[in-house]
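Listing of start_35.txt; format and content: compact mmCIF, C-alpha atoms.
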```txt
# COMPACT_ATOMS: atom_id res chain seq x y z
CA GLN F 1 38.12 -17.95 263.91
CA VAL F 2 37.96 -21.30 265.69
CA ASP F 3 37.52 -21.52 269.45
CA LEU F 4 38.25 -24.63 271.49
CA VAL F 5 37.44 -24.54 275.21
CA GLN F 6 38.54 -27.45 277.37
CA SER F 7 37.36 -28.72 280.73
CA GLY F 8 39.23 -28.05 283.95
CA ALA F 9 42.12 -29.79 285.66
CA GLU F 10 41.70 -33.32 286.99
CA VAL F 11 43.43 -35.34 289.70
CA LYS F 12 43.13 -39.10 289.43
CA LYS F 13 44.47 -42.13 291.23
CA PRO F 14 46.48 -44.80 289.43
CA GLY F 15 44.24 -47.29 287.68
CA ALA F 16 41.39 -44.84 287.27
CA SER F 17 40.04 -43.30 284.07
CA VAL F 18 39.78 -39.65 283.07
CA ARG F 19 37.47 -37.86 280.65
CA VAL F 20 38.45 -34.51 279.17
CA SER F 21 36.07 -32.42 277.09
CA CYS F 22 36.70 -29.87 274.35
CA LYS F 23 33.83 -27.62 273.25
CA ALA F 24 34.31 -26.28 269.74
CA SER F 25 32.81 -23.28 268.03
CA GLN F 26 30.24 -24.30 265.46
CA ASN F 27 32.57 -23.66 262.49
CA ALA F 28 35.20 -25.92 264.07
CA PHE F 29 32.82 -28.84 263.94
CA THR F 30 32.93 -28.73 260.17
CA ALA F 31 36.68 -29.41 260.34
CA ASN F 32 38.16 -32.50 258.79
CA HIS F 33 39.42 -33.63 262.16
CA LEU F 34 39.87 -32.66 265.76
CA HIS F 35 42.96 -34.07 267.44
CA TRP F 36 44.25 -34.78 270.94
CA VAL F 37 47.90 -34.07 271.80
CA ARG F 38 49.50 -34.36 275.22
CA GLN F 39 52.56 -32.83 276.83
CA ALA F 40 54.16 -34.47 279.85
CA PRO F 41 56.15 -32.25 282.25
CA GLY F 42 59.05 -30.80 280.30
CA PRO F 43 59.42 -30.36 276.56
CA GLY F 44 57.83 -32.75 274.11
CA LEU F 45 54.48 -33.20 272.36
CA GLU F 46 52.76 -36.54 271.75
CA TRP F 47 49.91 -37.12 269.29
CA MET F 48 47.19 -39.35 270.72
CA GLY F 49 44.67 -39.55 267.92
CA MET F 50 41.90 -37.77 266.04
CA ILE F 51 38.18 -37.81 265.45
CA ASN F 52 36.11 -36.66 262.49
CA PRO F 53 33.47 -34.46 264.16
CA SER F 54 30.75 -34.99 261.59
CA GLY F 55 31.02 -38.72 260.98
CA GLY F 56 32.55 -39.77 264.29
CA SER F 57 35.31 -41.93 262.78
CA THR F 58 38.48 -42.14 264.84
CA SER F 59 42.17 -42.98 264.45
CA TYR F 60 44.34 -43.63 267.49
CA ALA F 61 48.10 -43.69 267.98
CA GLN F 62 49.29 -47.27 268.40
CA LYS F 63 50.69 -46.50 271.84
CA PHE F 64 47.21 -45.72 273.21
CA GLN F 65 45.08 -48.27 271.39
CA GLY F 66 42.98 -50.26 273.83
CA ARG F 67 43.22 -47.54 276.46
CA VAL F 68 41.85 -44.46 274.68
CA THR F 69 38.40 -43.57 273.40
CA MET F 70 37.50 -40.41 271.49
CA THR F 71 33.85 -39.49 271.05
CA ARG F 72 31.80 -36.49 270.03
CA ASP F 73 28.42 -34.95 270.78
CA THR F 74 27.18 -33.06 267.75
CA SER F 75 24.33 -31.45 269.71
CA THR F 76 26.82 -29.52 271.84
CA SER F 77 29.79 -29.39 269.40
CA THR F 78 31.90 -31.14 272.02
CA ILE F 79 34.48 -33.87 271.70
CA TYR F 80 35.69 -36.09 274.53
CA LEU F 81 38.90 -37.92 275.33
CA GLU F 82 38.72 -40.83 277.73
CA LEU F 83 41.92 -42.50 278.92
CA SER F 84 41.78 -45.56 281.15
CA SER F 85 44.20 -47.51 283.39
CA LEU F 86 46.04 -44.33 284.32
CA THR F 87 49.60 -44.39 285.64
CA SER F 88 51.89 -41.61 286.79
CA GLU F 89 53.29 -41.48 283.25
CA ASP F 90 49.92 -40.15 282.07
CA THR F 91 50.42 -36.97 284.10
CA ALA F 92 50.41 -34.31 281.39
CA VAL F 93 48.63 -31.36 279.84
CA TYR F 94 46.12 -32.62 277.29
CA TYR F 95 45.29 -30.40 274.31
CA CYS F 96 42.57 -30.63 271.71
CA ALA F 97 43.44 -29.14 268.35
CA HIS F 98 41.71 -28.42 265.03
CA SER F 99 42.97 -29.21 261.54
CA SER F 100 41.45 -27.62 258.45
CA GLY F 101 43.12 -30.29 256.35
CA TRP F 102 44.39 -33.45 257.96
CA TRP F 103 47.72 -33.07 259.71
CA ALA F 104 48.47 -29.38 260.44
CA LEU F 105 46.99 -28.30 263.78
CA ASP F 106 45.94 -24.70 263.24
CA TYR F 107 43.94 -23.98 266.40
CA TRP F 108 44.48 -25.31 269.91
CA GLY F 109 42.51 -25.45 273.13
CA GLN F 110 43.96 -23.99 276.30
CA GLY F 111 44.99 -27.37 277.65
CA THR F 112 43.80 -29.52 280.56
CA LEU F 113 46.21 -30.67 283.27
CA VAL F 114 45.66 -34.26 284.33
CA THR F 115 47.61 -35.35 287.40
CA VAL F 116 47.82 -39.01 288.32
CA SER F 117 48.88 -39.51 291.90
CA SER F 118 48.11 -41.86 294.76
CA GLN R 1 62.88 -40.98 272.18
CA SER R 2 61.06 -38.82 269.60
CA ALA R 3 60.48 -40.06 266.08
CA LEU R 4 61.87 -36.85 264.54
CA THR R 5 65.27 -35.49 265.58
CA GLN R 6 65.76 -31.83 266.45
CA PRO R 7 68.68 -30.05 268.13
CA ALA R 8 67.97 -29.41 271.80
CA SER R 9 68.85 -25.74 271.58
CA VAL R 10 69.72 -23.00 269.12
CA SER R 11 70.67 -19.43 269.96
CA GLY R 12 71.26 -16.20 268.13
CA SER R 13 71.56 -12.47 268.60
CA PRO R 14 68.78 -10.03 267.73
CA GLY R 15 68.64 -9.42 264.00
CA GLN R 16 70.45 -12.62 263.10
CA SER R 17 68.99 -15.62 261.29
CA ILE R 18 68.84 -19.08 262.80
CA THR R 19 67.82 -22.45 261.35
CA ILE R 20 66.32 -25.41 263.20
CA SER R 21 66.60 -28.84 261.58
CA CYS R 22 64.17 -31.74 261.83
CA THR R 23 65.39 -35.11 260.59
CA GLY R 24 63.11 -38.05 259.88
CA THR R 25 62.86 -40.80 257.28
CA SER R 26 61.33 -41.43 253.88
CA SER R 27 58.20 -42.65 255.70
CA ASP R 28 57.55 -39.23 257.17
CA VAL R 29 59.49 -36.00 256.52
CA GLY R 30 61.03 -37.15 253.26
CA GLY R 31 57.99 -38.84 251.81
CA TYR R 32 55.10 -36.43 252.33
CA LYS R 33 54.51 -32.72 252.19
CA PHE R 34 52.80 -32.82 255.62
CA VAL R 35 55.53 -31.20 257.71
CA SER R 36 54.48 -28.54 260.23
CA TRP R 37 56.27 -26.32 262.72
CA TYR R 38 54.90 -25.05 266.04
CA GLN R 39 56.03 -22.33 268.42
CA GLN R 40 55.31 -22.70 272.13
CA HIS R 41 55.89 -20.09 274.80
CA PRO R 42 56.02 -21.23 278.46
CA GLY R 43 52.60 -22.09 279.83
CA LYS R 44 50.89 -21.55 276.47
CA ALA R 45 49.43 -23.82 273.84
CA PRO R 46 51.48 -24.44 270.69
CA LYS R 47 50.95 -22.14 267.71
CA LEU R 48 51.15 -23.27 264.09
CA MET R 49 53.92 -21.38 262.28
CA ILE R 50 54.45 -23.42 259.09
CA PHE R 51 52.34 -26.12 257.44
CA ASP R 52 52.87 -28.39 254.43
CA VAL R 53 56.67 -27.83 254.57
CA ASP R 54 56.79 -24.19 253.47
CA ASN R 55 53.40 -22.51 253.90
CA ARG R 56 52.74 -19.76 256.45
CA PRO R 57 49.28 -19.44 258.02
CA SER R 58 47.63 -16.06 257.84
CA GLY R 59 49.01 -13.77 260.57
CA VAL R 60 52.38 -15.47 260.96
CA SER R 61 55.36 -13.18 260.35
CA TYR R 62 57.20 -13.44 257.01
CA ARG R 63 60.37 -13.83 259.12
CA PHE R 64 59.45 -17.50 259.55
CA SER R 65 60.08 -19.81 256.60
CA GLY R 66 60.18 -23.55 256.05
CA SER R 67 62.02 -25.81 253.63
CA ARG R 68 62.96 -29.43 253.11
CA SER R 69 65.84 -31.38 251.61
CA GLY R 70 65.58 -35.14 251.54
CA ASN R 71 64.56 -36.43 254.96
CA THR R 72 65.39 -33.17 256.75
CA ALA R 73 63.05 -30.22 257.13
CA SER R 74 64.18 -26.83 258.37
CA LEU R 75 62.64 -23.78 260.00
CA THR R 76 64.47 -20.50 259.50
CA ILE R 77 63.80 -17.43 261.61
CA SER R 78 65.25 -14.29 260.10
CA GLY R 79 65.68 -10.96 261.87
CA LEU R 80 65.57 -12.69 265.25
CA GLN R 81 63.56 -10.82 267.89
CA ALA R 82 63.25 -11.23 271.64
CA GLU R 83 59.66 -12.46 271.24
CA ASP R 84 60.92 -15.40 269.16
CA GLU R 85 62.44 -16.97 272.27
CA ALA R 86 60.36 -20.13 272.72
CA ASP R 87 60.30 -23.87 272.12
CA TYR R 88 59.81 -25.01 268.53
CA TYR R 89 58.49 -28.39 267.43
CA CYS R 90 58.37 -30.02 264.03
CA SER R 91 55.78 -32.63 263.15
CA SER R 92 55.05 -34.87 260.20
CA TYR R 93 52.53 -37.35 258.99
CA THR R 94 54.04 -40.83 259.03
CA SER R 95 52.88 -43.66 256.79
CA SER R 96 54.48 -46.29 259.03
CA THR R 97 51.74 -45.88 261.63
CA ILE R 98 49.32 -43.56 259.80
CA SER R 99 49.67 -40.93 262.49
CA VAL R 100 51.47 -37.74 263.45
CA VAL R 101 54.96 -37.75 264.92
CA PHE R 102 56.67 -34.83 266.64
CA GLY R 103 60.26 -33.85 267.12
CA GLY R 104 61.64 -33.54 270.63
CA GLY R 105 61.60 -29.76 270.47
CA THR R 106 64.25 -27.04 270.16
CA LYS R 107 64.67 -24.24 272.66
CA VAL R 108 65.49 -20.99 270.90
CA THR R 109 67.35 -18.43 272.97
CA VAL R 110 67.80 -14.82 271.90
CA LEU R 111 71.11 -13.63 273.31
```
As a first step, turn the structure in this file into structure tokens.
Amino acid sequence: QVDLVQSGAEVKKPGASVRVSCKASQNAFTANHLHWVRQAPGPGLEWMGMINPSGGSTSYAQKFQGRVTMTRDTSTSTIYLELSSLTSEDTAVYYCAHSSGWWALDYWGQGTLVTVSS
Amino acid sequence: QSALTQPASVSGSPGQSITISCTGTSSDVGGYKFVSWYQQHPGKAPKLMIFDVDNRPSGVSYRFSGSRSGNTASLTISGLQAEDEADYYCSSYTSSTISVVFGGGTKVTVL
């Protein structure tokens, strides 16, 4: 069983940055990758990128390159998503997710609502 | 506009079978066995239902099955039940950007 527990909701102003955390159970940190996926209001999922928890290597979706940073803290089994230069279009629920292999997301966090509003 | 194309909605009566399609290209759905399907109930996180085109994770009902023909993958739900009413998303690895792409989602309604 893999558990992913995310930080609480955030409200940010346009132009600001947000940092979302995802604490993983110890066995989840041996995963190939942990991913971030977001869901704007309404249907639709969008992959943002992934991080290898053990080595720290990352891969970001082209859309977010230059604006997103994914990091991890092995001492606390926690990964972080930081997104900068926020606009109203970044208002969404952000999920972390685990993959045992590479591309199938078999466990998900509960989601973190980020609201960008002036 | 999503990279993978799904019908916006599909409906069926209890006990019937329904199929949801997911159309991509040879750079994603048609080129790699990394197609997954997710079920999402309102206010909940997505749940993996099918991975690698046609594999079911432990604990997922046998009523859910996946397949692929060319650049189109499909999810079939047999013996439709009220609890199957949800949004369903396909996803695939894509070599064009070395990333994951999702379909726009299909709302399944049980009549």
*Just give me the residues with any atom within 6 Å of (34.2, -31.2, 267.7), file coordinates, counting all atoms listed in the file, written as a list in words.*
Ala24, Phe29, Pro53, Ser77, Thr78 and Ile79 of chain F
*Any idea which chain R residues end up within 7 Å of chain F if we count all atoms listed in the file, as an MDAnalysis selection string please?*
chainID R and resid 34 36 45 48 51 93 99:102 104:105
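Distances from R:Val108, R:Ala8, R:Val35, R:Ser17 to Glu83 (chain R) were compared using all atoms listed in the file, and the smallest one belongs to R:Val108.
One distance worth recording is that between CA of Ser25 (chain F) and CA of Ser54 (chain F), which is 13.5 Å.
Between CA of Thr94 (chain R) and CA of Gln26 (chain F) there is a distance of 29.7 Å.
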_I need every residue sitting at most 8 Å from the point (38.4, -39.0, 276.5) (coordinates as in the file, all atoms listed in the file considered), written as a PyMOL selection string._
chain F and resi 18-21+68-71+80-83
*To one decimal in Å, tell me the separation between CA of Gly103 (chain R) and CA of Ser85 (chain F).*
26.6 Å
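Among the candidates F:Ser117, F:Thr112, F:Thr87, F:Ser7, the one nearest to Arg67 (chain F) when counting all atoms listed in the file is F:Thr87.
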*Hey, what's within 7 Å of region 98-101 of chain F if we count only C-alpha atoms and toss same-chain stuff fewer than 6 positions away? As a ChimeraX atom specification, please?*
/F:31-35,107-108
What does the file look like for those residues with C-alpha atoms, as an mmCIF file, in the coordinates of the input?
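Everything below was put into out_32.cif:
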```
data_model
loop_
_atom_site.group_PDB
_atom_site.id
_atom_site.type_symbol
_atom_site.label_atom_id
_atom_site.label_comp_id
_atom_site.auth_asym_id
_atom_site.auth_seq_id
_atom_site.Cartn_x
_atom_site.Cartn_y
_atom_site.Cartn_z
ATOM 1 C CA ALA F 31 36.680 -29.410 260.340
ATOM 2 C CA ASN F 32 38.160 -32.500 258.790
ATOM 3 C CA HIS F 33 39.420 -33.630 262.160
ATOM 4 C CA LEU F 34 39.870 -32.660 265.760
ATOM 5 C CA HIS F 35 42.960 -34.070 267.440
ATOM 6 C CA TYR F 107 43.940 -23.980 266.400
ATOM 7 C CA TRP F 108 44.480 -25.310 269.910
#
```
_Selection near region 13-15 of chain R, 8 Å with only C-alpha atoms, sequence-local residues under 6 positions removed, as a PyMOL selection string_ = chain R and resi 78-82+110-111
Dump as a compact mmCIF listing (two decimals), keeping the file's coordinate frame, selection limited to C-alpha atoms:
```
# COMPACT_ATOMS: atom_id res chain seq x y z
CA SER R 78 65.25 -14.29 260.10
CA GLY R 79 65.68 -10.96 261.87
CA LEU R 80 65.57 -12.69 265.25
CA GLN R 81 63.56 -10.82 267.89
CA ALA R 82 63.25 -11.23 271.64
CA VAL R 110 67.80 -14.82 271.90
CA LEU R 111 71.11 -13.63 273.31
```
*Of the residues F:Asp90, F:Lys63, F:Arg72, F:Asp3, which is the one nearest to Ala28 (chain F), using all atoms listed in the file?*
F:Asp3
*asked:* Given only C-alpha atoms as the basis, pick out the residue of F:Leu86, F:Gly56, F:Asp73, F:Ala92 nearest to Lys12 (chain F).
replied: F:Leu86
